[in-house]
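**Q** First the structure, which I've put down as structure tokens, then a few questions once you've had a look.
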Amino acid sequence: MTTTETPVRNGVDTAGLFATLDAVKGNPDLAKFQFRASNVWISGTHNQSTIDGFFGTTQEMMHEQSWTLDADHPAVLVGRDQGPTPVEYLLHALAACLTSGLANIAAARGVTLTEVRSKVEGDINLLGIFGLSDEVRNGFEQIKVTFTLSGDDPAKLRKVVEQSRMRSAVFDVITNGVPVSIEVNTD
């Protein structure tokens with residue numbers, strides 16, 4: 001087990017973090033999780049997802065509260081702008097995953113953070129989504145993440161960001177892909 005000078009660093013309970021790591025090392029089945037979202041169409045391009053339960057540590061679990069997320073398209077894309085677009089949620093997920101990992105890794109390594117900000121930009125060409133070009137992909141052509149960090153020396157901060165990138169589940173899914181199956185049930 002790695003130790004740090006203080007039990008809480010950068011808002012992370014380091015003792016809890018290391019206890020979790022030790023528990024998973026002792027029983028790898030504890031590492032198997034399944035996260036879920038349920039979605040319902042509202043109208044037009046507006047839809048709503050609910051996130052409440054998940055499977056983890058060999059059991060069904062519930063979040064402390066249910067989360068409701070609206071998604072829509074802006075008016076220029078025939079929506080009513082009642083929520084971020086789905087691809088904007090993807091950018092948020094990437095920023096959130098990298099930032100959460102960065103905070104945990106910095107705490108575990110005894111690196112002090114005083115500020116973490118990021119800007120995530122995704123370039124997309126709608127010719128693919130609209131079916132107007134077979135040469136243009138439907139998704140982002142590229143994504144750029146720019147971090148602005150303050151705290152310990154810049155070399156340590158860069159190493160923490162690199163480790164977060166290497167361990168980020170969302171970065172992995174975006175850059176390596178993942179099999180996705182679609183099942184259709186009709187009434």
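Convention: chains lettered A, B, ... in structure tokens order; per-chain residue numbering from 1; ligands numbered from 1 as shown.
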When you look at A:Ala71 with a cut-off of 6 Å (counting only C-alpha atoms), what residues show up, excluding the ones that are within fewer than 2 positions of it in the same chain? I need them as a PyMOL selection string.

**A** chain A and resi 46-47+83-85

**Q** Tell me which protein, DNA and RNA residues are within 12 Å of A:Thr50, counting only C-alpha atoms, leaving out same-chain ones fewer than 6 positions away, and put them as a PDB file with N, CA, C and O atoms, in the first residue's frame.

**A**
ATOM      1  N   PHE A  35     -22.627  -0.432 -15.312  1.00  0.00           N
ATOM      2  CA  PHE A  35     -23.372   0.817 -15.152  1.00  0.00           C
ATOM      3  C   PHE A  35     -24.495   0.836 -16.175  1.00  0.00           C
ATOM      4  O   PHE A  35     -24.396   0.240 -17.238  1.00  0.00           O
ATOM      5  N   ARG A  36     -25.591   1.519 -15.847  1.00  0.00           N
ATOM      6  CA  ARG A  36     -26.786   1.501 -16.685  1.00  0.00           C
ATOM      7  C   ARG A  36     -27.430   2.878 -16.775  1.00  0.00           C
ATOM      8  O   ARG A  36     -27.336   3.666 -15.841  1.00  0.00           O
ATOM      9  N   ALA A  37     -28.098   3.091 -17.876  1.00  0.00           N
ATOM     10  CA  ALA A  37     -28.940   4.270 -18.057  1.00  0.00           C
ATOM     11  C   ALA A  37     -30.202   3.825 -18.768  1.00  0.00           C
ATOM     12  O   ALA A  37     -30.150   2.984 -19.666  1.00  0.00           O
ATOM     13  N   SER A  38     -31.345   4.334 -18.349  1.00  0.00           N
ATOM     14  CA  SER A  38     -32.617   4.086 -19.030  1.00  0.00           C
ATOM     15  C   SER A  38     -33.018   5.375 -19.721  1.00  0.00           C
ATOM     16  O   SER A  38     -32.916   6.457 -19.136  1.00  0.00           O
ATOM     17  N   ASN A  39     -33.474   5.268 -20.967  1.00  0.00           N
ATOM     18  CA  ASN A  39     -33.790   6.459 -21.739  1.00  0.00           C
ATOM     19  C   ASN A  39     -35.213   6.376 -22.253  1.00  0.00           C
ATOM     20  O   ASN A  39     -35.696   5.295 -22.604  1.00  0.00           O
ATOM     21  N   VAL A  40     -35.879   7.529 -22.298  1.00  0.00           N
ATOM     22  CA  VAL A  40     -37.232   7.612 -22.854  1.00  0.00           C
ATOM     23  C   VAL A  40     -37.298   8.833 -23.771  1.00  0.00           C
ATOM     24  O   VAL A  40     -36.755   9.897 -23.467  1.00  0.00           O
ATOM     25  N   TRP A  41     -37.933   8.635 -24.915  1.00  0.00           N
ATOM     26  CA  TRP A  41     -38.142   9.720 -25.864  1.00  0.00           C
ATOM     27  C   TRP A  41     -39.240  10.629 -25.339  1.00  0.00           C
ATOM     28  O   TRP A  41     -40.281  10.170 -24.877  1.00  0.00           O
ATOM     29  N   HIS A  63     -27.409   4.448  -6.507  1.00  0.00           N
ATOM     30  CA  HIS A  63     -26.804   5.751  -6.209  1.00  0.00           C
ATOM     31  C   HIS A  63     -27.567   6.367  -5.036  1.00  0.00           C
ATOM     32  O   HIS A  63     -28.709   5.986  -4.762  1.00  0.00           O
ATOM     33  N   GLN A  65     -28.901   9.100  -5.018  1.00  0.00           N
ATOM     34  CA  GLN A  65     -30.075   9.722  -5.619  1.00  0.00           C
ATOM     35  C   GLN A  65     -30.110   9.329  -7.092  1.00  0.00           C
ATOM     36  O   GLN A  65     -29.100   8.951  -7.661  1.00  0.00           O
ATOM     37  N   SER A  66     -31.288   9.380  -7.690  1.00  0.00           N
ATOM     38  CA  SER A  66     -31.416   9.142  -9.126  1.00  0.00           C
ATOM     39  C   SER A  66     -30.975  10.398  -9.869  1.00  0.00           C
ATOM     40  O   SER A  66     -31.196  11.515  -9.400  1.00  0.00           O
ATOM     41  N   TRP A  67     -30.380  10.186 -11.026  1.00  0.00           N
ATOM     42  CA  TRP A  67     -29.939  11.307 -11.862  1.00  0.00           C
ATOM     43  C   TRP A  67     -30.769  11.300 -13.132  1.00  0.00           C
ATOM     44  O   TRP A  67     -30.941  10.267 -13.776  1.00  0.00           O
ATOM     45  N   THR A  68     -31.291  12.465 -13.495  1.00  0.00           N
ATOM     46  CA  THR A  68     -32.061  12.620 -14.722  1.00  0.00           C
ATOM     47  C   THR A  68     -31.309  13.575 -15.632  1.00  0.00           C
ATOM     48  O   THR A  68     -30.934  14.679 -15.218  1.00  0.00           O
ATOM     49  N   LEU A  69     -31.066  13.118 -16.864  1.00  0.00           N
ATOM     50  CA  LEU A  69     -30.294  13.906 -17.822  1.00  0.00           C
ATOM     51  C   LEU A  69     -31.113  14.100 -19.086  1.00  0.00           C
ATOM     52  O   LEU A  69     -31.537  13.130 -19.709  1.00  0.00           O
ATOM     53  N   ASP A  70     -31.344  15.339 -19.456  1.00  0.00           N
ATOM     54  CA  ASP A  70     -32.051  15.642 -20.693  1.00  0.00           C
ATOM     55  C   ASP A  70     -31.056  15.805 -21.830  1.00  0.00           C
ATOM     56  O   ASP A  70     -29.962  16.336 -21.630  1.00  0.00           O
ATOM     57  N   ALA A  71     -31.448  15.357 -22.995  1.00  0.00           N
ATOM     58  CA  ALA A  71     -30.647  15.564 -24.199  1.00  0.00           C
ATOM     59  C   ALA A  71     -31.569  16.076 -25.296  1.00  0.00           C
ATOM     60  O   ALA A  71     -32.745  15.700 -25.365  1.00  0.00           O
TER      61      ALA A  71
END

**Q** Taking into account only C-alpha atoms, which residue in the set A:Ser164, A:Thr20, A:Gln34, A:Ser181 is nearest to A:Leu102?

**A**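 Smallest separation from A:Leu102 among the options: A:Ser164.
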
**Q** Might you pull out every residue within 12 Å of A:Val8, with only C-alpha atoms counted and same-chain residues fewer than 2 positions away left off, and present them as a list in words?

**A**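 Residues near the query, excluding close chain neighbours: Thr3, Thr4, Glu5, Thr6, Asn10, Gly11, Val12, Asp13, Thr14, Ala15, Gly16, Leu17, Phe18, Ala103, Asn104, Ala106, Ala107, Ala108, Gly110, Val111 and Thr112 of chain A.
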
**Q** What residues in stretch 66-138 of chain A get the DSSP label alpha helix (DSSP H)? Please answer as number ranges by chain.

**A** A: 86-109, 126-129

**Q** Selection from above, C-alpha atoms, as a PDB file, in the first residue's frame, can you write it?

**A**
ATOM      1  CA  PRO A  86     -25.550  13.489 -27.013  1.00  0.00           C
ATOM      2  CA  VAL A  87     -22.078  14.241 -28.407  1.00  0.00           C
ATOM      3  CA  GLU A  88     -21.699  17.055 -25.862  1.00  0.00           C
ATOM      4  CA  TYR A  89     -22.402  14.502 -23.129  1.00  0.00           C
ATOM      5  CA  LEU A  90     -19.571  12.440 -24.582  1.00  0.00           C
ATOM      6  CA  LEU A  91     -17.220  15.433 -24.288  1.00  0.00           C
ATOM      7  CA  HIS A  92     -18.412  15.948 -20.707  1.00  0.00           C
ATOM      8  CA  ALA A  93     -17.858  12.251 -19.938  1.00  0.00           C
ATOM      9  CA  LEU A  94     -14.286  12.445 -21.237  1.00  0.00           C
ATOM     10  CA  ALA A  95     -13.493  15.599 -19.248  1.00  0.00           C
ATOM     11  CA  ALA A  96     -15.127  14.208 -16.101  1.00  0.00           C
ATOM     12  CA  CYS A  97     -13.359  10.841 -16.316  1.00  0.00           C
ATOM     13  CA  LEU A  98      -9.933  12.397 -16.910  1.00  0.00           C
ATOM     14  CA  THR A  99     -10.471  14.931 -14.114  1.00  0.00           C
ATOM     15  CA  SER A 100     -11.703  12.338 -11.602  1.00  0.00           C
ATOM     16  CA  GLY A 101      -8.762  10.097 -12.394  1.00  0.00           C
ATOM     17  CA  LEU A 102      -6.376  13.010 -12.192  1.00  0.00           C
ATOM     18  CA  ALA A 103      -7.648  13.904  -8.701  1.00  0.00           C
ATOM     19  CA  ASN A 104      -7.313  10.303  -7.455  1.00  0.00           C
ATOM     20  CA  ILE A 105      -3.859   9.805  -8.962  1.00  0.00           C
ATOM     21  CA  ALA A 106      -2.582  13.134  -7.640  1.00  0.00           C
ATOM     22  CA  ALA A 107      -3.867  12.283  -4.155  1.00  0.00           C
ATOM     23  CA  ALA A 108      -2.292   8.820  -4.248  1.00  0.00           C
ATOM     24  CA  ARG A 109       1.044  10.259  -5.361  1.00  0.00           C
ATOM     25  CA  LEU A 126     -22.731  16.601 -40.203  1.00  0.00           C
ATOM     26  CA  LEU A 127     -22.487  15.340 -43.795  1.00  0.00           C
ATOM     27  CA  GLY A 128     -22.005  11.845 -42.338  1.00  0.00           C
ATOM     28  CA  ILE A 129     -24.924  11.971 -39.888  1.00  0.00           C
TER      29      ILE A 129
END

**Q** Quick one: residues within 8 Å of A:Gly56, only C-alpha atoms, excluding same-chain residues fewer than 5 positions away - as a list of chain:residue names?

**A**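 The residues that qualify are A:Leu30, A:Ala31, A:Lys32, A:Phe33, A:Gln34, A:Met61.
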